[in-house]
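Engineer: Provided herewith: model-v3.pdb, PDB, C-alpha atoms (C1' of nucleotides).
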MODEL        1
ATOM      1  CA  MET Y   1      -3.162 -18.714  39.828
ATOM      2  CA  VAL Y   2      -3.611 -18.287  36.128
ATOM      3  CA  THR Y   3      -6.628 -16.360  34.963
ATOM      4  CA  SER Y   4      -7.547 -16.690  31.335
ATOM      5  CA  ARG Y   5      -7.999 -13.387  29.548
ATOM      6  CA  ARG Y   6      -9.932 -12.939  26.367
ATOM      7  CA  TYR Y   7      -7.833 -12.208  23.332
ATOM      8  CA  THR Y   8      -9.071  -8.825  22.222
ATOM      9  CA  LEU Y   9      -7.659  -5.995  20.167
ATOM     10  CA  GLY Y  10      -7.448  -3.965  23.358
ATOM     11  CA  LEU Y  11      -5.301  -6.640  24.952
ATOM     12  CA  MET Y  12      -3.211  -6.895  21.801
ATOM     13  CA  PHE Y  13      -2.553  -3.174  21.968
ATOM     14  CA  GLU Y  14      -1.491  -3.356  25.615
ATOM     15  CA  THR Y  15       0.697  -6.376  24.930
ATOM     16  CA  LEU Y  16       2.485  -4.749  22.014
ATOM     17  CA  GLN Y  17       2.876  -1.477  23.875
ATOM     18  CA  ARG Y  18       4.503  -3.204  26.811
ATOM     19  CA  ALA Y  19       6.780  -5.272  24.591
ATOM     20  CA  CYS Y  20       7.817  -2.610  22.080
ATOM     21  CA  GLY Y  21       7.426   0.736  23.816
ATOM     22  CA  PRO Y  22       6.401   3.969  22.115
ATOM     23  CA  GLN Y  23       6.932   4.061  18.355
ATOM     24  CA  ARG Y  24       6.726   7.810  17.707
ATOM     25  CA  TRP Y  25       5.109   7.532  14.292
ATOM     26  CA  TRP Y  26       4.745   8.492  11.401
ATOM     27  CA  PRO Y  27       8.457   8.643  10.497
ATOM     28  CA  ALA Y  28       8.370  12.141   8.991
ATOM     29  CA  ASP Y  29       9.064  15.678  10.175
ATOM     30  CA  THR Y  30       6.102  17.604   8.818
ATOM     31  CA  PRO Y  31       2.499  16.986   7.709
ATOM     32  CA  THR Y  32       3.590  17.647   4.116
ATOM     33  CA  GLU Y  33       6.254  14.964   4.420
ATOM     34  CA  VAL Y  34       3.665  12.581   5.871
ATOM     35  CA  ALA Y  35       1.275  13.113   2.981
ATOM     36  CA  VAL Y  36       4.000  12.791   0.347
ATOM     37  CA  GLY Y  37       5.326   9.645   2.031
ATOM     38  CA  ALA Y  38       1.835   8.147   2.161
ATOM     39  CA  VAL Y  39       1.591   8.303  -1.624
ATOM     40  CA  LEU Y  40       5.169   7.225  -2.284
ATOM     41  CA  THR Y  41       4.921   4.168  -0.039
ATOM     42  CA  GLN Y  42       2.168   2.607  -2.111
ATOM     43  CA  ASN Y  43       3.300  -0.924  -2.901
ATOM     44  CA  THR Y  44       6.856   0.081  -2.024
ATOM     45  CA  SER Y  45       9.295  -0.569   0.816
ATOM     46  CA  TRP Y  46       9.808   2.292   3.231
ATOM     47  CA  LYS Y  47      13.535   2.443   2.554
ATOM     48  CA  SER Y  48      12.914   3.422  -1.062
ATOM     49  CA  VAL Y  49      10.453   6.037   0.118
ATOM     50  CA  GLU Y  50      13.071   7.621   2.373
ATOM     51  CA  THR Y  51      15.438   7.956  -0.571
ATOM     52  CA  ALA Y  52      12.774   9.618  -2.688
ATOM     53  CA  VAL Y  53      11.585  11.920   0.107
ATOM     54  CA  ALA Y  54      15.195  13.032   0.639
ATOM     55  CA  ALA Y  55      15.483  13.744  -3.072
ATOM     56  CA  MET Y  56      12.294  15.776  -2.976
ATOM     57  CA  LYS Y  57      13.563  17.686   0.030
ATOM     58  CA  ALA Y  58      16.856  18.424  -1.721
ATOM     59  CA  ALA Y  59      14.914  19.687  -4.736
ATOM     60  CA  GLY Y  60      12.751  21.927  -2.536
ATOM     61  CA  LEU Y  61       9.686  19.877  -3.395
ATOM     62  CA  LEU Y  62       8.343  19.221   0.090
ATOM     63  CA  ASP Y  63       5.949  22.045  -0.625
ATOM     64  CA  PHE Y  64       2.651  21.410  -2.385
ATOM     65  CA  ARG Y  65       2.814  24.698  -4.260
ATOM     66  CA  ARG Y  66       6.102  23.568  -5.816
ATOM     67  CA  VAL Y  67       4.700  20.110  -6.572
ATOM     68  CA  ASP Y  68       1.711  21.763  -8.186
ATOM     69  CA  ALA Y  69       3.997  23.904 -10.332
ATOM     70  CA  ILE Y  70       6.607  21.359 -11.463
ATOM     71  CA  SER Y  71       6.031  19.216 -14.554
ATOM     72  CA  GLU Y  72       4.932  15.649 -14.085
ATOM     73  CA  SER Y  73       7.993  14.236 -15.824
ATOM     74  CA  ASP Y  74      10.425  16.352 -13.795
ATOM     75  CA  LEU Y  75       8.748  15.181 -10.599
ATOM     76  CA  ALA Y  76       8.882  11.589 -11.842
ATOM     77  CA  ASP Y  77      12.656  11.879 -12.280
ATOM     78  CA  VAL Y  78      13.063  12.995  -8.666
ATOM     79  CA  ILE Y  79      11.006  10.162  -7.172
ATOM     80  CA  ARG Y  80      12.337   7.425  -9.445
ATOM     81  CA  PRO Y  81      13.756   5.269  -6.584
ATOM     82  CA  THR Y  82      10.256   4.482  -5.285
ATOM     83  CA  GLY Y  83       9.257   2.589  -8.398
ATOM     84  CA  THR Y  84       5.997   3.211 -10.301
ATOM     85  CA  TYR Y  85       7.324   6.749 -10.463
ATOM     86  CA  ARG Y  86       5.240   7.960 -13.390
ATOM     87  CA  VAL Y  87       2.070   6.855 -11.660
ATOM     88  CA  LYS Y  88       3.126   8.394  -8.362
ATOM     89  CA  ALA Y  89       4.145  11.698  -9.971
ATOM     90  CA  LYS Y  90       0.619  11.944 -11.336
ATOM     91  CA  ARG Y  91      -0.837  11.100  -7.912
ATOM     92  CA  LEU Y  92       1.331  13.600  -6.024
ATOM     93  CA  LYS Y  93       0.339  16.321  -8.434
ATOM     94  CA  ALA Y  94      -3.333  15.461  -8.047
ATOM     95  CA  LEU Y  95      -2.963  15.728  -4.275
ATOM     96  CA  ALA Y  96      -1.025  18.993  -4.603
ATOM     97  CA  ARG Y  97      -3.779  20.406  -6.801
ATOM     98  CA  TRP Y  98      -6.354  19.618  -4.134
ATOM     99  CA  VAL Y  99      -4.250  21.106  -1.326
ATOM    100  CA  CYS Y 100      -3.568  24.265  -3.339
ATOM    101  CA  ARG Y 101      -7.180  24.769  -4.352
ATOM    102  CA  ARG Y 102      -8.493  24.103  -0.887
ATOM    103  CA  ALA Y 103      -5.917  25.863   1.256
ATOM    104  CA  GLY Y 104      -3.331  27.608  -0.898
ATOM    105  CA  GLY Y 105      -0.835  24.769  -0.499
ATOM    106  CA  SER Y 106      -1.113  24.260   3.263
ATOM    107  CA  ILE Y 107      -1.847  20.616   4.033
ATOM    108  CA  GLU Y 108      -2.477  21.555   7.678
ATOM    109  CA  ARG Y 109      -5.285  23.906   6.706
ATOM    110  CA  ALA Y 110      -6.533  21.602   3.960
ATOM    111  CA  LEU Y 111      -7.053  18.918   6.586
ATOM    112  CA  GLU Y 112      -9.090  21.108   8.900
ATOM    113  CA  GLY Y 113     -12.733  20.118   9.063
ATOM    114  CA  GLU Y 114     -14.979  17.164   9.660
ATOM    115  CA  LEU Y 115     -13.374  13.738   9.291
ATOM    116  CA  SER Y 116     -15.936  11.933   7.145
ATOM    117  CA  GLU Y 117     -16.260  14.848   4.734
ATOM    118  CA  LEU Y 118     -12.474  15.203   4.429
ATOM    119  CA  ARG Y 119     -12.149  11.480   3.826
ATOM    120  CA  ARG Y 120     -14.831  11.595   1.150
ATOM    121  CA  GLN Y 121     -12.984  14.420  -0.582
ATOM    122  CA  LEU Y 122      -9.587  12.742  -0.392
ATOM    123  CA  LEU Y 123     -11.052   9.602  -1.964
ATOM    124  CA  THR Y 124     -12.152  11.592  -4.999
ATOM    125  CA  ILE Y 125      -8.501  12.399  -5.747
ATOM    126  CA  ARG Y 126      -6.999  10.058  -8.324
ATOM    127  CA  GLY Y 127      -4.449   7.857  -6.613
ATOM    128  CA  ILE Y 128      -5.736   8.334  -3.082
ATOM    129  CA  GLY Y 129      -7.426   5.147  -1.938
ATOM    130  CA  PRO Y 130      -8.666   4.196   1.537
ATOM    131  CA  GLU Y 131      -5.291   3.425   3.071
ATOM    132  CA  THR Y 132      -3.543   6.517   1.743
ATOM    133  CA  ALA Y 133      -6.471   8.725   2.739
ATOM    134  CA  ASP Y 134      -6.531   7.330   6.269
ATOM    135  CA  ALA Y 135      -2.763   7.653   6.679
ATOM    136  CA  ILE Y 136      -2.946  11.304   5.654
ATOM    137  CA  LEU Y 137      -5.953  11.970   7.874
ATOM    138  CA  LEU Y 138      -4.475  10.283  10.938
ATOM    139  CA  TYR Y 139      -0.814  11.169  10.704
ATOM    140  CA  ALA Y 140      -0.920  14.534   8.958
ATOM    141  CA  GLY Y 141      -4.361  15.754  10.045
ATOM    142  CA  ARG Y 142      -4.621  14.096  13.460
ATOM    143  CA  HIS Y 143      -8.111  12.787  12.772
ATOM    144  CA  PRO Y 144      -9.129   9.568  14.539
ATOM    145  CA  THR Y 145      -9.361   7.065  11.669
ATOM    146  CA  PHE Y 146      -7.634   3.675  11.681
ATOM    147  CA  VAL Y 147      -5.113   2.858   8.940
ATOM    148  CA  VAL Y 148      -5.424  -0.670   7.581
ATOM    149  CA  ASP Y 149      -2.295  -1.713   5.707
ATOM    150  CA  ALA Y 150      -0.647  -4.936   4.611
ATOM    151  CA  TYR Y 151       0.951  -5.469   8.018
ATOM    152  CA  THR Y 152      -2.282  -4.815   9.887
ATOM    153  CA  ARG Y 153      -4.026  -7.345   7.684
ATOM    154  CA  ARG Y 154      -1.266  -9.915   8.065
ATOM    155  CA  VAL Y 155      -1.033  -9.744  11.859
ATOM    156  CA  LEU Y 156      -4.812  -9.882  12.304
ATOM    157  CA  ARG Y 157      -5.100 -12.705   9.835
ATOM    158  CA  ARG Y 158      -2.377 -14.734  11.501
ATOM    159  CA  HIS Y 159      -4.040 -14.415  14.876
ATOM    160  CA  ALA Y 160      -7.454 -15.281  13.475
ATOM    161  CA  PHE Y 161      -9.096 -11.929  14.086
ATOM    162  CA  ILE Y 162     -10.159 -11.783  10.459
ATOM    163  CA  GLY Y 163     -10.634 -14.193   7.584
ATOM    164  CA  ALA Y 164      -8.695 -14.175   4.336
ATOM    165  CA  ASP Y 165     -11.450 -12.292   2.572
ATOM    166  CA  ALA Y 166     -12.012  -9.452   5.086
ATOM    167  CA  ASP Y 167     -12.195  -6.125   3.284
ATOM    168  CA  TYR Y 168     -10.797  -2.737   4.282
ATOM    169  CA  LYS Y 169     -13.993  -1.349   5.793
ATOM    170  CA  ALA Y 170     -14.655  -4.433   7.884
ATOM    171  CA  ILE Y 171     -11.139  -4.498   9.317
ATOM    172  CA  GLN Y 172     -11.213  -0.792  10.062
ATOM    173  CA  ALA Y 173     -14.572  -1.173  11.817
ATOM    174  CA  ARG Y 174     -13.108  -3.887  14.068
ATOM    175  CA  PHE Y 175     -10.545  -1.416  15.378
ATOM    176  CA  GLU Y 176     -12.820   1.563  15.568
ATOM    177  CA  THR Y 177     -15.477  -0.254  17.586
ATOM    178  CA  ALA Y 178     -13.064  -2.128  19.867
ATOM    179  CA  LEU Y 179     -10.920   0.834  20.843
ATOM    180  CA  PRO Y 180     -11.437   4.353  22.143
ATOM    181  CA  ARG Y 181     -11.729   6.729  19.202
ATOM    182  CA  SER Y 182      -8.406   8.355  19.906
ATOM    183  CA  VAL Y 183      -5.729   9.703  17.570
ATOM    184  CA  GLU Y 184      -3.033   8.628  20.026
ATOM    185  CA  VAL Y 185      -4.323   5.048  20.274
ATOM    186  CA  PHE Y 186      -4.906   4.623  16.520
ATOM    187  CA  ASN Y 187      -1.531   6.172  15.756
ATOM    188  CA  GLU Y 188       0.382   4.007  18.190
ATOM    189  CA  PHE Y 189      -1.470   0.762  17.503
ATOM    190  CA  HIS Y 190      -0.945   0.961  13.762
ATOM    191  CA  ALA Y 191       2.741   1.767  14.271
ATOM    192  CA  LEU Y 192       3.093  -1.236  16.576
ATOM    193  CA  LEU Y 193       1.411  -3.522  14.046
ATOM    194  CA  VAL Y 194       3.869  -2.408  11.376
ATOM    195  CA  GLU Y 195       6.780  -3.015  13.728
ATOM    196  CA  ILE Y 196       5.554  -6.485  14.657
ATOM    197  CA  GLY Y 197       4.698  -7.233  11.056
ATOM    198  CA  LYS Y 198       8.176  -6.349   9.898
ATOM    199  CA  ARG Y 199       9.972  -8.175  12.674
ATOM    200  CA  HIS Y 200       7.868 -11.278  13.139
ATOM    201  CA  CYS Y 201       4.961 -11.684  10.811
ATOM    202  CA  ARG Y 202       6.420 -12.048   7.343
ATOM    203  CA  THR Y 203       7.214 -15.717   7.524
ATOM    204  CA  ARG Y 204       5.999 -18.442   9.822
ATOM    205  CA  ALA Y 205       9.489 -18.928  11.232
ATOM    206  CA  ARG Y 206       9.638 -15.459  12.687
ATOM    207  CA  CYS Y 207       6.958 -16.082  15.313
ATOM    208  CA  GLU Y 208       9.641 -16.991  17.829
ATOM    209  CA  GLY Y 209      10.178 -14.061  20.166
ATOM    210  CA  CYS Y 210       7.100 -12.233  18.945
ATOM    211  CA  PRO Y 211       5.119 -10.638  21.791
ATOM    212  CA  LEU Y 212       2.083 -12.447  20.347
ATOM    213  CA  GLU Y 213       3.839 -15.803  20.113
ATOM    214  CA  SER Y 214       1.580 -17.380  22.751
ATOM    215  CA  TRP Y 215      -1.596 -16.041  21.137
ATOM    216  CA  PRO Y 216      -3.894 -18.252  19.057
ATOM    217  CA  HIS Y 217      -2.667 -18.672  15.499
ATOM    218  CA  ASP Y 218      -4.597 -19.371  12.344
ATOM    219  CA  SER Y 219      -2.595 -22.199  10.804
ATOM    220  CA  THR Y 220      -4.031 -21.444   7.366
ATOM    221  CA  ALA Y 221      -2.612 -17.909   7.386
ATOM    222  CA  ALA Y 222       0.722 -17.477   5.659
TER
ATOM    223  C1'  DG K 223      16.551 -14.510 -11.296
ATOM    224  C1'  DA K 224      12.366 -14.644  -8.756
ATOM    225  C1'  DC K 225       9.902 -12.429  -5.423
ATOM    226  C1'  DC K 226       8.307  -8.859  -2.488
ATOM    227  C1'  DA K 227       7.499  -4.112  -0.797
ATOM    228  C1'  DG K 228       3.071   0.087   4.524
ATOM    229  C1'  DG K 229      -1.930   0.457  -3.161
ATOM    230  C1'  DC K 230      -4.597   2.002  -6.653
ATOM    231  C1'  DA K 231      -7.009   2.424 -11.113
ATOM    232  C1'  DC K 232      -8.774   0.413 -14.891
ATOM    233  C1'  DA K 233     -10.429  -3.373 -18.001
ATOM    234  C1'  DT K 234     -13.017  -7.254 -18.356
ATOM    235  C1'  DC K 235     -16.277 -10.635 -17.285
TER
ATOM    236  C1'  DG D 236     -19.319  -6.533  -7.963
ATOM    237  C1'  DA D 237     -15.639  -9.702  -8.284
ATOM    238  C1'  DT D 238     -11.343 -10.751 -10.302
ATOM    239  C1'  DG D 239      -7.068  -9.858 -12.955
ATOM    240  C1'  DT D 240      -3.376  -6.867 -14.371
ATOM    241  C1'  DG D 241      -0.110  -2.862 -15.046
ATOM    242  C1'  DC D 242       2.715   0.173 -12.703
ATOM    243  C1'  DA D 243       8.616  -0.212 -11.911
ATOM    244  C1'  DT D 244      12.626   0.336  -8.768
ATOM    245  C1'  DG D 245      15.589  -1.633  -5.166
ATOM    246  C1'  DG D 246      16.529  -5.076  -1.649
ATOM    247  C1'  DT D 247      16.823 -10.050  -0.352
TER
ENDMDL
END
Turn this file's structure into structure tokens for me.
Structural biologist:
Amino acid sequence: MVTSRRYTLGLMFETLQRACGPQRWWPADTPTEVAVGAVLTQNTSWKSVETAVAAMKAAGLLDFRRVDAISESDLADVIRPTGTYRVKAKRLKALARWVCRRAGGSIERALEGELSELRRQLLTIRGIGPETADAILLYAGRHPTFVVDAYTRRVLRRHAFIGADADYKAIQARFETALPRSVEVFNEFHALLVEIGKRHCRTRARCEGCPLESWPHDSTAA
DNA sequence: GACCAGGCACATC
DNA sequence: GATGTGCATGGT
């Protein structure tokens, strides 16, 4: 017999996990690379970010002390492929300044402490908004905070979990109250949402074959 | 050639 | 406090 199950975020997580398997995110080797990538990916495709991260690695710049020391325009030249490179050079240097002041250039040590206080501090850095702060805290600092990005928004909107006008805090609260406050769960769920978003949730046509294809859809969501 | 991509800050009302 | 706009390259 068929039993109806309630469509919850918990069920969505299980469904995506079963369908997609482990994602092993964030796609970076070190906490420094995570934090740099989090800034570079702002309003930019991940492929461009990979190019720029590789260029930074080649230039020995995956080190916040080096980022702190290099000139803004020289850094901008290195990260040019990500677009908005002058803006991002400024932002990376602001982050590097914070990491150097706080922990001598070690992002691991800079991210030690209490989550809400760290988040508050990160948000005071020019160029670090809620999403970038949460990505750094979760993926580089292993703090349990949920990252709300464009894909997260899109998938939740399409399946009528949120309205068109839901803001960052409200969406984040949905996840953080519905799920166990766990780094592993938040990490994996966000990664799965990005995967599903990329594969199936950009255009209406791509719903076919999506693990959530049979779920309720909001027909007004693009 | 338009449009979008894992945002954010700043100006203006 | 809500809304609009600049940032800028690379892929589709």
Engineer: Could you tell me which residues the PyMOL selection byres ((chain K) within 12 of (chain Y)) grabs in this file, written as a list of chain:residue names?
Structural biologist: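 Residues picked by the PyMOL selection byres ((chain K) within 12 of (chain Y)): K:DC226, K:DA227, K:DG228, K:DG229, K:DC230, K:DA231, K:DC232.
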Engineer: Write out as CSV the residues of chain Y that have any atom within 7 Å of an atom of chain D, one row each with the nearest atom pair and its distance in Å to one decimal, counting all atoms listed in the file, sorted by chain and then rising number.
Structural biologist:
residue,atom,partner,partner_atom,distance
Y:Pro81,CA,D:DT244,C1',5.5
Y:Thr82,CA,D:DT244,C1',5.9
Y:Gly83,CA,D:DT244,C1',4.1
Y:Thr84,CA,D:DA243,C1',4.6
Y:Val87,CA,D:DC242,C1',6.8
Engineer: Please provide the set of residues having any atom within 12 Å of stretch 172-176 of chain Y, restricted to only C-alpha atoms (C1' of nucleotides), with same-chain residues fewer than 2 positions apart removed, written as a PyMOL selection string.
Structural biologist: chain Y and resi 8-10+12-13+130-131+134+144-149+152-153+156+161-162+166-170+178-183+185-187+189-190
Engineer: Give me, as a VMD selection string, all polymer residues having an atom no more than 12 Å from stretch 60-66 of chain Y, counting all atoms listed in the file and skipping those fewer than 4 positions away in the same chain.
Structural biologist: chain Y and resid 28 to 37 52 to 56 70 to 72 74 to 76 78 to 79 89 92 to 108 110
Engineer: Could you write out the selected residues, including C-alpha atoms, as a compact mmCIF listing (two decimals), in the frame of the given file?
Structural biologist:
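Output file result.txt follows:
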# COMPACT_ATOMS: atom_id res chain seq x y z
CA ALA Y 28 8.37 12.14 8.99
CA ASP Y 29 9.06 15.68 10.18
CA THR Y 30 6.10 17.60 8.82
CA PRO Y 31 2.50 16.99 7.71
CA THR Y 32 3.59 17.65 4.12
CA GLU Y 33 6.25 14.96 4.42
CA VAL Y 34 3.66 12.58 5.87
CA ALA Y 35 1.27 13.11 2.98
CA VAL Y 36 4.00 12.79 0.35
CA GLY Y 37 5.33 9.64 2.03
CA ALA Y 52 12.77 9.62 -2.69
CA VAL Y 53 11.58 11.92 0.11
CA ALA Y 54 15.20 13.03 0.64
CA ALA Y 55 15.48 13.74 -3.07
CA MET Y 56 12.29 15.78 -2.98
CA ILE Y 70 6.61 21.36 -11.46
CA SER Y 71 6.03 19.22 -14.55
CA GLU Y 72 4.93 15.65 -14.08
CA ASP Y 74 10.42 16.35 -13.80
CA LEU Y 75 8.75 15.18 -10.60
CA ALA Y 76 8.88 11.59 -11.84
CA VAL Y 78 13.06 13.00 -8.67
CA ILE Y 79 11.01 10.16 -7.17
CA ALA Y 89 4.14 11.70 -9.97
CA LEU Y 92 1.33 13.60 -6.02
CA LYS Y 93 0.34 16.32 -8.43
CA ALA Y 94 -3.33 15.46 -8.05
CA LEU Y 95 -2.96 15.73 -4.28
CA ALA Y 96 -1.02 18.99 -4.60
CA ARG Y 97 -3.78 20.41 -6.80
CA TRP Y 98 -6.35 19.62 -4.13
CA VAL Y 99 -4.25 21.11 -1.33
CA CYS Y 100 -3.57 24.26 -3.34
CA ARG Y 101 -7.18 24.77 -4.35
CA ARG Y 102 -8.49 24.10 -0.89
CA ALA Y 103 -5.92 25.86 1.26
CA GLY Y 104 -3.33 27.61 -0.90
CA GLY Y 105 -0.84 24.77 -0.50
CA SER Y 106 -1.11 24.26 3.26
CA ILE Y 107 -1.85 20.62 4.03
CA GLU Y 108 -2.48 21.56 7.68
CA ALA Y 110 -6.53 21.60 3.96
Engineer: Tell me, in Å to one decimal, how far atom CA of Y:Glu50 is from atom CA of Y:Pro27.
Structural biologist: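 Result for atom CA of Y:Glu50 versus atom CA of Y:Pro27: 9.4 Å, one decimal.
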Engineer: What are the centre and the three edge lengths of an axis-aligned box that wraps all atoms of stretch 239-243 of chain D in the file, given that 8 Å is added to every side, written as AutoDock Vina command-line options and rounded to one decimal in Å?
Structural biologist:
--center_x 0.8 --center_y -4.8 --center_z -13.5 --size_x 31.7 --size_y 26.0 --size_z 19.1
Engineer: With the input short on atoms, add N, CA and C atoms back to stretch 50-65 of chain Y and write it as a PDB file, in the frame of the given file.
Structural biologist:
ATOM      1  N   GLU Y  50      12.166   6.667   1.717  1.00  0.00           N
ATOM      2  CA  GLU Y  50      13.071   7.621   2.373  1.00  0.00           C
ATOM      3  C   GLU Y  50      14.023   8.256   1.366  1.00  0.00           C
ATOM      4  N   THR Y  51      14.541   7.439   0.462  1.00  0.00           N
ATOM      5  CA  THR Y  51      15.438   7.956  -0.571  1.00  0.00           C
ATOM      6  C   THR Y  51      14.739   9.018  -1.421  1.00  0.00           C
ATOM      7  N   ALA Y  52      13.513   8.699  -1.813  1.00  0.00           N
ATOM      8  CA  ALA Y  52      12.774   9.618  -2.688  1.00  0.00           C
ATOM      9  C   ALA Y  52      12.351  10.886  -1.941  1.00  0.00           C
ATOM     10  N   VAL Y  53      11.965  10.737  -0.684  1.00  0.00           N
ATOM     11  CA  VAL Y  53      11.585  11.920   0.107  1.00  0.00           C
ATOM     12  C   VAL Y  53      12.801  12.835   0.271  1.00  0.00           C
ATOM     13  N   ALA Y  54      13.970  12.236   0.518  1.00  0.00           N
ATOM     14  CA  ALA Y  54      15.195  13.032   0.639  1.00  0.00           C
ATOM     15  C   ALA Y  54      15.486  13.767  -0.659  1.00  0.00           C
ATOM     16  N   ALA Y  55      15.262  13.107  -1.772  1.00  0.00           N
ATOM     17  CA  ALA Y  55      15.483  13.744  -3.072  1.00  0.00           C
ATOM     18  C   ALA Y  55      14.512  14.894  -3.288  1.00  0.00           C
ATOM     19  N   MET Y  56      13.279  14.695  -2.850  1.00  0.00           N
ATOM     20  CA  MET Y  56      12.294  15.776  -2.976  1.00  0.00           C
ATOM     21  C   MET Y  56      12.674  16.948  -2.082  1.00  0.00           C
ATOM     22  N   LYS Y  57      13.141  16.627  -0.886  1.00  0.00           N
ATOM     23  CA  LYS Y  57      13.563  17.686   0.030  1.00  0.00           C
ATOM     24  C   LYS Y  57      14.708  18.480  -0.576  1.00  0.00           C
ATOM     25  N   ALA Y  58      15.688  17.774  -1.114  1.00  0.00           N
ATOM     26  CA  ALA Y  58      16.856  18.424  -1.721  1.00  0.00           C
ATOM     27  C   ALA Y  58      16.449  19.313  -2.891  1.00  0.00           C
ATOM     28  N   ALA Y  59      15.383  18.915  -3.582  1.00  0.00           N
ATOM     29  CA  ALA Y  59      14.914  19.687  -4.736  1.00  0.00           C
ATOM     30  C   ALA Y  59      13.917  20.770  -4.324  1.00  0.00           C
ATOM     31  N   GLY Y  60      13.694  20.908  -3.009  1.00  0.00           N
ATOM     32  CA  GLY Y  60      12.751  21.927  -2.536  1.00  0.00           C
ATOM     33  C   GLY Y  60      11.307  21.581  -2.844  1.00  0.00           C
ATOM     34  N   LEU Y  61      11.027  20.296  -2.967  1.00  0.00           N
ATOM     35  CA  LEU Y  61       9.686  19.877  -3.395  1.00  0.00           C
ATOM     36  C   LEU Y  61       8.797  19.387  -2.262  1.00  0.00           C
ATOM     37  N   LEU Y  62       9.249  19.559  -1.017  1.00  0.00           N
ATOM     38  CA  LEU Y  62       8.343  19.221   0.090  1.00  0.00           C
ATOM     39  C   LEU Y  62       7.476  20.447   0.384  1.00  0.00           C
ATOM     40  N   ASP Y  63       6.770  20.837  -0.637  1.00  0.00           N
ATOM     41  CA  ASP Y  63       5.949  22.045  -0.625  1.00  0.00           C
ATOM     42  C   ASP Y  63       4.925  21.856  -1.745  1.00  0.00           C
ATOM     43  N   PHE Y  64       3.654  21.764  -1.387  1.00  0.00           N
ATOM     44  CA  PHE Y  64       2.651  21.410  -2.385  1.00  0.00           C
ATOM     45  C   PHE Y  64       2.503  22.454  -3.490  1.00  0.00           C
ATOM     46  N   ARG Y  65       2.868  23.695  -3.181  1.00  0.00           N
ATOM     47  CA  ARG Y  65       2.814  24.698  -4.260  1.00  0.00           C
ATOM     48  C   ARG Y  65       3.863  24.396  -5.321  1.00  0.00           C
TER      49      ARG Y  65
END
